file upload.tsv (TSV, C-alpha atoms and all ligand atoms)
chain	number	residue	atom	x	y	z
A	362	MET	CA	-57.16	-71.62	2.83
A	363	THR	CA	-56.59	-74.57	5.14
A	364	THR	CA	-53.97	-73.11	7.47
A	365	ALA	CA	-54.61	-71.40	10.76
A	366	PRO	CA	-55.37	-67.70	10.54
A	367	ARG	CA	-55.68	-66.44	14.09
A	368	ASN	CA	-57.14	-63.07	13.31
A	369	SER	CA	-60.55	-62.24	11.98
A	370	SER	CA	-59.39	-60.13	9.03
A	371	ALA	CA	-57.22	-62.99	7.74
A	372	ILE	CA	-60.23	-65.33	7.99
A	373	ALA	CA	-62.46	-62.80	6.21
A	374	ALA	CA	-59.81	-62.34	3.49
A	375	ALA	CA	-59.59	-66.12	2.98
A	376	LEU	CA	-63.38	-66.32	2.67
A	377	ARG	CA	-63.46	-63.52	0.13
A	378	ARG	CA	-60.76	-65.25	-1.89
A	379	ASP	CA	-61.65	-68.96	-1.57
A	380	GLY	CA	-65.22	-68.94	-0.22
A	381	PHE	CA	-64.16	-70.90	2.88
A	382	CYS	CA	-61.46	-71.23	5.50
A	383	ILE	CA	-60.57	-73.94	7.99
A	384	VAL	CA	-59.60	-72.41	11.32
A	385	ARG	CA	-57.44	-74.86	13.23
A	386	ARG	CA	-57.91	-75.00	17.01
A	387	ALA	CA	-60.48	-72.23	17.03
A	388	VAL	CA	-61.55	-73.55	20.44
A	389	SER	CA	-60.12	-76.19	22.75
A	390	PRO	CA	-60.96	-79.83	21.98
A	391	ALA	CA	-61.98	-80.09	25.66
A	392	LEU	CA	-64.79	-77.57	25.11
A	393	VAL	CA	-66.04	-79.49	22.08
A	394	ALA	CA	-65.91	-82.73	24.09
A	395	LYS	CA	-68.11	-81.08	26.75
A	396	VAL	CA	-70.64	-80.02	24.13
A	397	ASP	CA	-70.63	-83.48	22.57
A	398	ARG	CA	-71.18	-85.11	25.98
A	399	ALA	CA	-73.95	-82.66	26.86
A	400	LEU	CA	-75.76	-83.51	23.63
A	401	ALA	CA	-75.18	-87.30	23.75
A	402	ARG	CA	-78.66	-88.06	25.06
A	403	ASP	CA	-80.28	-85.80	22.48
A	404	PHE	CA	-78.35	-87.52	19.67
A	405	GLU	CA	-79.57	-90.84	21.05
A	406	ALA	CA	-83.19	-89.76	21.46
A	407	THR	CA	-83.53	-87.97	18.10
A	408	ALA	CA	-85.15	-89.86	15.24
A	409	PHE	CA	-83.47	-90.16	11.86
A	410	SER	CA	-84.22	-87.28	9.49
A	411	ARG	CA	-86.57	-87.69	6.58
A	412	GLY	CA	-86.11	-86.47	3.05
A	413	PRO	CA	-83.18	-86.57	0.65
A	414	PHE	CA	-81.72	-83.18	1.59
A	415	TYR	CA	-81.37	-83.85	5.31
A	416	GLY	CA	-80.58	-87.50	4.49
A	417	GLU	CA	-82.27	-90.56	6.00
A	418	ARG	CA	-79.11	-91.76	7.77
A	419	THR	CA	-78.60	-88.44	9.52
A	420	LYS	CA	-79.93	-87.16	12.82
A	421	ARG	CA	-80.41	-83.42	13.31
A	422	PHE	CA	-81.71	-81.18	16.04
A	423	GLY	CA	-81.62	-77.45	16.67
A	424	GLY	CA	-81.94	-75.07	19.59
A	425	LEU	CA	-78.46	-75.92	20.83
A	426	LEU	CA	-78.22	-72.86	23.08
A	427	ALA	CA	-81.09	-74.19	25.15
A	428	ARG	CA	-79.62	-77.70	25.31
A	429	SER	CA	-76.13	-76.91	26.60
A	430	ARG	CA	-74.75	-73.68	28.02
A	431	HIS	CA	-71.35	-74.59	26.50
A	432	CYS	CA	-72.77	-74.00	23.01
A	433	ALA	CA	-72.76	-70.24	23.65
A	434	ARG	CA	-68.95	-70.38	23.53
A	435	LEU	CA	-69.06	-71.75	20.00
A	436	VAL	CA	-71.69	-69.22	18.87
A	437	LEU	CA	-69.71	-66.33	20.41
A	438	GLN	CA	-66.20	-67.49	19.39
A	439	ASP	CA	-64.79	-64.01	19.07
A	440	VAL	CA	-62.37	-64.33	16.14
A	441	ILE	CA	-64.94	-66.12	13.98
A	442	LEU	CA	-67.77	-63.78	14.98
A	443	ALA	CA	-65.60	-60.75	14.13
A	444	ALA	CA	-64.86	-62.28	10.70
A	445	VAL	CA	-68.59	-62.90	10.18
A	446	GLU	CA	-69.33	-59.27	11.00
A	447	GLU	CA	-66.59	-58.04	8.69
A	448	LEU	CA	-68.12	-60.07	5.86
A	449	LEU	CA	-71.81	-59.29	6.46
A	450	LEU	CA	-71.98	-55.78	7.91
A	451	PRO	CA	-71.62	-54.15	4.48
A	452	TRP	CA	-75.24	-55.27	3.91
A	453	CYS	CA	-76.85	-54.92	7.33
A	454	ASP	CA	-76.77	-53.02	10.57
A	455	SER	CA	-76.24	-56.10	12.75
A	456	VAL	CA	-75.92	-59.84	12.14
A	457	GLN	CA	-78.16	-62.48	13.69
A	458	LEU	CA	-77.98	-66.17	14.43
A	459	ASN	CA	-79.48	-68.10	11.53
A	460	LEU	CA	-79.42	-71.54	13.09
A	461	THR	CA	-77.70	-73.96	15.39
A	462	GLN	CA	-78.02	-77.56	14.34
A	463	ALA	CA	-76.35	-80.71	15.61
A	464	VAL	CA	-75.76	-83.24	12.85
A	465	ALA	CA	-74.90	-86.92	13.16
A	466	LEU	CA	-74.00	-88.75	9.96
A	467	HIS	CA	-74.48	-92.45	10.60
A	468	PRO	CA	-72.64	-95.19	8.73
A	469	GLY	CA	-74.22	-95.59	5.31
A	470	ALA	CA	-75.19	-91.89	5.00
A	471	LEU	CA	-75.07	-90.86	1.36
A	472	ALA	CA	-73.26	-87.75	0.18
A	473	GLN	CA	-75.59	-84.77	0.46
A	474	ALA	CA	-76.60	-82.90	-2.70
A	475	PRO	CA	-74.10	-80.07	-3.23
A	476	HIS	CA	-75.87	-76.82	-2.45
A	477	ARG	CA	-75.47	-73.20	-1.48
A	478	ASP	CA	-77.06	-72.29	1.84
A	479	GLN	CA	-77.98	-68.83	0.51
A	480	ASP	CA	-80.55	-70.45	-1.78
A	481	MET	CA	-82.93	-70.65	1.20
A	482	TRP	CA	-83.66	-67.02	0.31
A	483	ARG	CA	-84.58	-65.78	-3.11
A	484	GLY	CA	-82.42	-62.70	-3.29
A	485	THR	CA	-80.13	-61.48	-6.01
A	486	ILE	CA	-77.14	-63.80	-6.61
A	487	GLY	CA	-73.51	-62.79	-6.97
A	488	GLU	CA	-73.79	-59.35	-5.39
A	489	VAL	CA	-74.68	-59.83	-1.74
A	490	GLU	CA	-73.41	-62.26	0.89
A	491	TYR	CA	-76.34	-63.30	3.06
A	492	LEU	CA	-74.84	-65.84	5.38
A	493	VAL	CA	-71.70	-67.28	6.91
A	494	ASN	CA	-71.75	-70.87	8.06
A	495	VAL	CA	-69.51	-72.59	10.57
A	496	MET	CA	-69.18	-76.37	10.85
A	497	TRP	CA	-67.83	-77.50	14.22
A	498	PRO	CA	-66.73	-81.16	14.21
A	499	PHE	CA	-67.31	-83.12	17.44
A	500	THR	CA	-65.50	-86.18	16.02
A	501	ARG	CA	-62.67	-86.32	13.51
A	502	TYR	CA	-63.94	-85.51	10.01
A	503	ASP	CA	-62.22	-87.31	7.13
A	504	ALA	CA	-62.82	-88.54	3.59
A	505	ASP	CA	-64.08	-91.85	4.93
A	506	ASN	CA	-66.68	-90.72	7.44
A	507	GLY	CA	-68.33	-87.92	5.46
A	508	ALA	CA	-66.27	-84.79	6.09
A	509	THR	CA	-67.97	-81.74	4.62
A	510	LEU	CA	-67.06	-81.19	0.96
A	511	VAL	CA	-66.55	-77.62	-0.20
A	512	TRP	CA	-65.85	-76.36	-3.71
A	513	PRO	CA	-63.08	-73.72	-3.64
A	514	GLU	CA	-63.88	-70.45	-5.42
A	515	SER	CA	-67.48	-71.47	-6.08
A	516	HIS	CA	-68.71	-68.39	-4.17
A	517	GLY	CA	-69.84	-64.88	-5.03
A	518	ALA	CA	-70.42	-64.32	-8.75
A	519	ALA	CA	-69.31	-67.95	-9.41
A	520	ALA	CA	-72.69	-68.94	-7.91
A	521	LEU	CA	-74.24	-67.75	-11.19
A	522	ALA	CA	-72.40	-70.45	-13.17
A	523	ALA	CA	-74.35	-73.62	-13.95
A	524	GLU	CA	-71.62	-76.10	-13.02
A	525	PRO	CA	-68.95	-75.96	-10.33
A	526	ALA	CA	-65.41	-75.92	-11.58
A	527	GLY	CA	-63.15	-78.68	-10.30
A	528	ASP	CA	-63.16	-81.09	-7.42
A	529	PRO	CA	-64.31	-80.39	-3.90
A	530	LEU	CA	-61.96	-80.06	-1.01
A	531	VAL	CA	-62.48	-82.59	1.77
A	532	ALA	CA	-62.63	-80.60	5.01
A	533	THR	CA	-60.57	-82.95	7.14
A	534	MET	CA	-60.76	-81.65	10.68
A	535	GLU	CA	-60.30	-82.48	14.35
A	536	PRO	CA	-62.57	-81.37	17.20
A	537	GLY	CA	-61.67	-77.75	18.01
A	538	ASP	CA	-61.24	-76.87	14.32
A	539	ALA	CA	-63.93	-74.94	12.45
A	540	LEU	CA	-64.85	-74.86	8.78
A	541	VAL	CA	-66.10	-71.35	8.01
A	542	PHE	CA	-67.74	-70.80	4.62
A	543	LEU	CA	-69.88	-68.29	2.79
A	544	GLY	CA	-73.57	-68.83	2.06
A	545	SER	CA	-72.65	-68.57	-1.62
A	546	ALA	CA	-70.06	-71.39	-1.46
A	547	LEU	CA	-71.04	-74.76	-2.91
A	548	HIS	CA	-70.73	-77.54	-0.33
A	549	GLY	CA	-72.42	-80.62	1.12
A	550	GLY	CA	-71.94	-83.39	3.64
A	551	GLY	CA	-69.84	-86.30	2.37
A	552	ALA	CA	-70.79	-89.99	2.39
A	553	ASN	CA	-70.11	-91.90	5.59
A	554	ARG	CA	-68.42	-95.13	4.46
A	555	SER	CA	-66.92	-95.81	7.89
A	556	ASP	CA	-68.49	-97.81	10.70
A	557	ALA	CA	-68.62	-94.88	13.14
A	558	VAL	CA	-70.93	-91.89	13.52
A	559	ARG	CA	-69.64	-88.48	12.36
A	560	ARG	CA	-70.99	-85.86	14.78
A	561	GLY	CA	-70.78	-82.08	14.68
A	562	ALA	CA	-72.77	-78.88	14.73
A	563	ILE	CA	-73.57	-76.21	12.20
A	564	ILE	CA	-73.78	-72.66	13.50
A	565	SER	CA	-74.66	-70.02	10.95
A	566	TYR	CA	-75.12	-66.26	10.99
A	567	CYS	CA	-77.03	-64.14	8.50
A	568	LEU	CA	-77.92	-60.55	7.66
A	569	GLY	CA	-79.98	-59.06	10.46
A	570	TRP	CA	-82.96	-58.26	8.23
A	571	LEU	CA	-83.52	-61.76	6.86
A	572	LYS	CA	-85.90	-64.42	8.11
A	573	PRO	CA	-83.63	-66.92	9.88
A	574	TYR	CA	-83.77	-70.60	8.92
A	575	GLU	CA	-84.48	-71.59	12.50
A	576	ASN	CA	-87.12	-69.49	14.21
A	577	GLN	CA	-84.94	-68.03	16.94
A	578	TRP	CA	-87.69	-66.23	18.90
A	579	LEU	CA	-89.73	-69.42	19.27
A	580	VAL	CA	-86.73	-71.61	20.02
A	581	TYR	CA	-85.49	-69.12	22.64
A	582	PRO	CA	-88.57	-67.38	24.07
A	583	PRO	CA	-87.99	-64.65	26.69
A	584	ASP	CA	-87.97	-67.12	29.61
A	585	VAL	CA	-85.02	-68.92	27.99
A	586	ALA	CA	-83.22	-65.89	26.53
A	587	ARG	CA	-83.33	-64.11	29.92
A	588	ASP	CA	-80.43	-66.34	30.99
A	589	PHE	CA	-78.33	-65.38	27.95
A	590	SER	CA	-75.68	-62.67	27.99
A	591	PRO	CA	-76.89	-59.43	26.35
A	592	GLU	CA	-74.65	-60.19	23.34
A	593	LEU	CA	-76.11	-63.66	22.88
A	594	ALA	CA	-79.68	-62.41	23.38
A	595	ALA	CA	-79.08	-59.76	20.72
A	596	LEU	CA	-77.74	-62.39	18.31
A	597	VAL	CA	-80.88	-64.52	18.66
A	598	GLY	CA	-83.09	-61.54	17.89
A	599	TYR	CA	-83.60	-59.53	21.07
A	600	ARG	CA	-82.36	-56.42	19.31
A	601	GLN	CA	-83.94	-54.08	16.80
A	602	HIS	CA	-82.37	-53.98	13.40
A	603	ARG	CA	-82.47	-50.34	12.41
A	604	PRO	CA	-84.89	-49.02	11.25
A	605	ASN	CA	-87.32	-50.44	13.81
A	606	LEU	CA	-87.23	-54.03	12.52
A	607	GLY	CA	-88.20	-56.74	14.97
A	608	ASN	CA	-89.77	-54.30	17.43
A	609	VAL	CA	-92.36	-55.11	20.08
A	610	GLU	CA	-94.81	-52.25	20.72
A	611	GLY	CA	-92.40	-49.96	18.90
A	612	ARG	CA	-89.58	-50.76	21.31
A	613	CYS	CA	-86.54	-53.00	21.42
A	614	PRO	CA	-87.55	-56.62	22.16
A	615	SER	CA	-84.70	-56.84	24.70
A	616	LEU	CA	-87.10	-55.03	27.07
A	617	LEU	CA	-88.96	-58.34	27.30
A	618	LEU	CA	-85.93	-59.77	29.09
A	619	GLN	CA	-86.01	-57.22	31.87
A	620	GLU	CA	-87.54	-58.14	35.17
A	621	ARG	CA	-89.71	-55.05	35.38
A	622	MET	CA	-90.72	-53.95	31.95
A	623	GLU	CA	-91.61	-50.37	31.34
A	624	TRP	CA	-93.25	-49.63	28.04
A	625	ALA	CA	-93.00	-45.93	27.37
A	626	GLY	CA	-94.53	-45.88	23.89
A	627	ALA	CA	-93.00	-46.32	20.46
A	628	GLU	CA	-89.58	-44.84	19.84
A	629	ASP	CA	-87.65	-44.52	16.57
A	630	ALA	CA	-84.57	-46.68	16.10
A	631	LEU	CA	-83.27	-45.33	12.79
A	632	ARG	CA	-80.06	-45.57	10.85
A	633	PRO	CA	-78.04	-42.34	11.02
A	634	ASP	CA	-78.84	-41.46	7.38
A	635	GLN	CA	-82.55	-41.97	8.00
A	636	ALA	CA	-82.47	-40.08	11.29
A	637	GLU	CA	-80.85	-37.14	9.51
A	638	MET	CA	-83.38	-37.21	6.67
A	639	VAL	CA	-86.47	-37.31	8.90
A	640	ALA	CA	-85.03	-34.72	11.30
A	641	ALA	CA	-84.48	-32.34	8.36
A	642	HIS	CA	-88.03	-32.97	7.17
A	643	ALA	CA	-89.46	-32.36	10.66
A	644	ALA	CA	-87.47	-29.10	10.91
A	645	GLU	CA	-88.92	-27.96	7.57
A	646	GLN	CA	-92.42	-28.78	8.76
A	647	ARG	CA	-91.94	-26.84	11.99
A	648	ALA	CA	-90.56	-23.82	10.08
A	649	ALA	CA	-93.55	-23.90	7.70
A	650	GLN	CA	-95.93	-23.87	10.68
A	651	ARG	CA	-94.55	-20.60	12.00
A	701	LIG	O1	-73.08	-82.22	7.29
A	701	LIG	C1	-72.37	-81.53	6.57
A	701	LIG	O2	-71.15	-81.73	6.44
A	701	LIG	C2	-72.95	-80.37	5.80
A	701	LIG	C3	-74.40	-80.16	6.08
A	701	LIG	C4	-74.99	-79.05	5.29
A	701	LIG	O3	-74.36	-78.42	4.51
A	701	LIG	C5	-76.42	-78.70	5.46
A	701	LIG	O4	-77.15	-79.47	6.09
A	701	LIG	O5	-76.82	-77.63	4.95
A	702	FE	FE	-75.41	-76.63	3.82

call {"tool": "encode", "arguments": {"input": "upload.tsv", "output": "structure tokens", "more": "lines below"}}
Ligand SMILES: O=C(O)CCC(=O)C(=O)O
Ligand SMILES: [Fe+2]
result
Amino acid sequence: MTTAPRNSSAIAAALRRDGFCIVRRAVSPALVAKVDRALARDFEATAFSRGPFYGERTKRFGGLLARSRHCARLVLQDVILAAVEELLLPWCDSVQLNLTQAVALHPGALAQAPHRDQDMWRGTIGEVEYLVNVMWPFTRYDADNGATLVWPESHGAAALAAEPAGDPLVATMEPGDALVFLGSALHGGGANRSDAVRRGAIISYCLGWLKPYENQWLVYPPDVARDFSPELAALVGYRQHRPNLGNVEGRCPSLLLQERMEWAGAEDALRPDQAEMVAAHAAEQRAAQR
């Protein structure tokens, strides 16, 4: 789908059907311009990437939430985030931020190898969706300057096929638009044959129990995450994923963000089905003691 679904269920439906969806005017171009300006010095100062996957004519850097406070508005864009949750919550208790990465494709950048982002993990293919990716263009993206290429209907069980069927779609976009695609969808950056830099940012979300691509706790240690809203802090990992995953001293890591921390000992954070099962077991044990 390349039209403009304004509600999260329509976006999720398009992703289930096509593997991707371009959301037109997901945010204001003015917000994207602010982000682009805030990151200008970092784009300038960053060295070219190394290796054929990243591409030697690209510049990339992460940790965008610590570089510009405006980035939080992209990460928390409510319609997209709700679509992400609709798509991923069947397989997890809560979603987490997988990465934020600014990408500049300089003139002469080669087309990136087509790939599926889910292949960063070695899980079963064709049954589970692990990740949803969002590409936010800061400049116009077109066929000439390396717009992201995405292969329609290459997602889900189609990821088991050896070859992609058909031609890719060129994700032509303006700042403010967002290309949302599944971790199972085949895609890649295009070749930049223009004489201008194509800039944008990738923001991706994954199942809450996976190891994120970018180490969120190190990129946003408590002193940084303390300034985040509770929702943003939870997304970068200051939240337990039931049961008890990501705990510190048996407690929710969000306690590290409080001014005066009180550690009162370990405390279960279980899924309802698990809580019920262990409560029933404990009741049996107590009855047997009598
Ligand atoms: O730059 C792009 O258009 C896509 C980049 C990408 O897919 C990646 O780096 O994983
Ligand atoms: Fe990718």

call {"tool": "residues_near_ligand", "arguments": {"input": "upload.tsv", "ligand": "ligand FE 702 (chain A)", "cutoff": "10 Å", "atoms": "all atoms listed in the file", "output": "PyMOL selection string"}}
result
chain A and resi 414-415+473-481+494-496+509-511+542+544+546-550+563+565

call {"tool": "closest_residue", "arguments": {"input": "upload.tsv", "among": "A:Thr407, A:Gln438, A:Thr461, A:Ser389", "to": "ligand LIG 701 (chain A)", "atoms": "only C-alpha atoms and all ligand atoms"}}
result
A:Thr461

call {"tool": "atom_distance", "arguments": {"input": "upload.tsv", "atom1": "CA of Tyr581 (chain A)", "atom2": "CA of Ala427 (chain A)"}}
result
7.2 Å

call {"tool": "atom_distance", "arguments": {"input": "upload.tsv", "atom1": "CA of Ser410 (chain A)", "atom2": "CA of Val585 (chain A)"}}
result
26.1 Å

call {"tool": "residues_near_point", "arguments": {"input": "upload.tsv", "point": "(-65.4, -77.0, 26.2)", "cutoff": "12 Å", "atoms": "all atoms listed in the file", "output": "list of chain:residue names"}}
result
A:Ala387, A:Val388, A:Ser389, A:Pro390, A:Ala391, A:Leu392, A:Val393, A:Ala394, A:Lys395, A:Val396, A:Asp397, A:Arg398, A:Ala399, A:Ser429, A:Arg430, A:His431, A:Cys432, A:Ala433, A:Arg434, A:Leu435, A:Gln438, A:Phe499, A:Pro536, A:Gly537

call {"tool": "write_last_selection", "arguments": {"input": "upload.tsv", "atoms": "C-alpha atoms", "output": "PDB file, in the coordinates of the input"}}
result
ATOM      1  CA  ALA A 387     -60.480 -72.230  17.030  1.00  0.00           C
ATOM      2  CA  VAL A 388     -61.550 -73.550  20.440  1.00  0.00           C
ATOM      3  CA  SER A 389     -60.120 -76.190  22.750  1.00  0.00           C
ATOM      4  CA  PRO A 390     -60.960 -79.830  21.980  1.00  0.00           C
ATOM      5  CA  ALA A 391     -61.980 -80.090  25.660  1.00  0.00           C
ATOM      6  CA  LEU A 392     -64.790 -77.570  25.110  1.00  0.00           C
ATOM      7  CA  VAL A 393     -66.040 -79.490  22.080  1.00  0.00           C
ATOM      8  CA  ALA A 394     -65.910 -82.730  24.090  1.00  0.00           C
ATOM      9  CA  LYS A 395     -68.110 -81.080  26.750  1.00  0.00           C
ATOM     10  CA  VAL A 396     -70.640 -80.020  24.130  1.00  0.00           C
ATOM     11  CA  ASP A 397     -70.630 -83.480  22.570  1.00  0.00           C
ATOM     12  CA  ARG A 398     -71.180 -85.110  25.980  1.00  0.00           C
ATOM     13  CA  ALA A 399     -73.950 -82.660  26.860  1.00  0.00           C
ATOM     14  CA  SER A 429     -76.130 -76.910  26.600  1.00  0.00           C
ATOM     15  CA  ARG A 430     -74.750 -73.680  28.020  1.00  0.00           C
ATOM     16  CA  HIS A 431     -71.350 -74.590  26.500  1.00  0.00           C
ATOM     17  CA  CYS A 432     -72.770 -74.000  23.010  1.00  0.00           C
ATOM     18  CA  ALA A 433     -72.760 -70.240  23.650  1.00  0.00           C
ATOM     19  CA  ARG A 434     -68.950 -70.380  23.530  1.00  0.00           C
ATOM     20  CA  LEU A 435     -69.060 -71.750  20.000  1.00  0.00           C
ATOM     21  CA  GLN A 438     -66.200 -67.490  19.390  1.00  0.00           C
ATOM     22  CA  PHE A 499     -67.310 -83.120  17.440  1.00  0.00           C
ATOM     23  CA  PRO A 536     -62.570 -81.370  17.200  1.00  0.00           C
ATOM     24  CA  GLY A 537     -61.670 -77.750  18.010  1.00  0.00           C
TER      25      GLY A 537
END

call {"tool": "atom_distance", "arguments": {"input": "upload.tsv", "atom1": "CA of Pro451 (chain A)", "atom2": "CA of Leu568 (chain A)"}}
result
9.5 Å

call {"tool": "residues_around", "arguments": {"input": "upload.tsv", "residues": "Ala519 (chain A)", "least_positions_apart": "2", "cutoff": "12 Å", "atoms": "only C-alpha atoms", "output": "ChimeraX atom specification"}}
result
/A:378-380,477,486-488,512-517,521-526,545-547

call {"tool": "write_last_selection", "arguments": {"input": "upload.tsv", "atoms": "C-alpha atoms", "output": "PDB file, keeping the file's coordinate frame"}}
result
ATOM      1  CA  ARG A 378     -60.760 -65.250  -1.890  1.00  0.00           C
ATOM      2  CA  ASP A 379     -61.650 -68.960  -1.570  1.00  0.00           C
ATOM      3  CA  GLY A 380     -65.220 -68.940  -0.220  1.00  0.00           C
ATOM      4  CA  ARG A 477     -75.470 -73.200  -1.480  1.00  0.00           C
ATOM      5  CA  ILE A 486     -77.140 -63.800  -6.610  1.00  0.00           C
ATOM      6  CA  GLY A 487     -73.510 -62.790  -6.970  1.00  0.00           C
ATOM      7  CA  GLU A 488     -73.790 -59.350  -5.390  1.00  0.00           C
ATOM      8  CA  TRP A 512     -65.850 -76.360  -3.710  1.00  0.00           C
ATOM      9  CA  PRO A 513     -63.080 -73.720  -3.640  1.00  0.00           C
ATOM     10  CA  GLU A 514     -63.880 -70.450  -5.420  1.00  0.00           C
ATOM     11  CA  SER A 515     -67.480 -71.470  -6.080  1.00  0.00           C
ATOM     12  CA  HIS A 516     -68.710 -68.390  -4.170  1.00  0.00           C
ATOM     13  CA  GLY A 517     -69.840 -64.880  -5.030  1.00  0.00           C
ATOM     14  CA  LEU A 521     -74.240 -67.750 -11.190  1.00  0.00           C
ATOM     15  CA  ALA A 522     -72.400 -70.450 -13.170  1.00  0.00           C
ATOM     16  CA  ALA A 523     -74.350 -73.620 -13.950  1.00  0.00           C
ATOM     17  CA  GLU A 524     -71.620 -76.100 -13.020  1.00  0.00           C
ATOM     18  CA  PRO A 525     -68.950 -75.960 -10.330  1.00  0.00           C
ATOM     19  CA  ALA A 526     -65.410 -75.920 -11.580  1.00  0.00           C
ATOM     20  CA  SER A 545     -72.650 -68.570  -1.620  1.00  0.00           C
ATOM     21  CA  ALA A 546     -70.060 -71.390  -1.460  1.00  0.00           C
ATOM     22  CA  LEU A 547     -71.040 -74.760  -2.910  1.00  0.00           C
TER      23      LEU A 547
END

call {"tool": "residues_around", "arguments": {"input": "upload.tsv", "residues": "Pro582 (chain A)", "least_positions_apart": "3", "cutoff": "12 Å", "atoms": "all atoms listed in the file", "output": "list in words"}}
result
Gly424, Leu426, Ala427, Asn576, Gln577, Trp578, Leu579, Val585, Ala586, Arg587, Asp588, Phe589, Ala594, Val597, Gly598, Tyr599, Pro614, Ser615, Leu617 and Leu618 of chain A
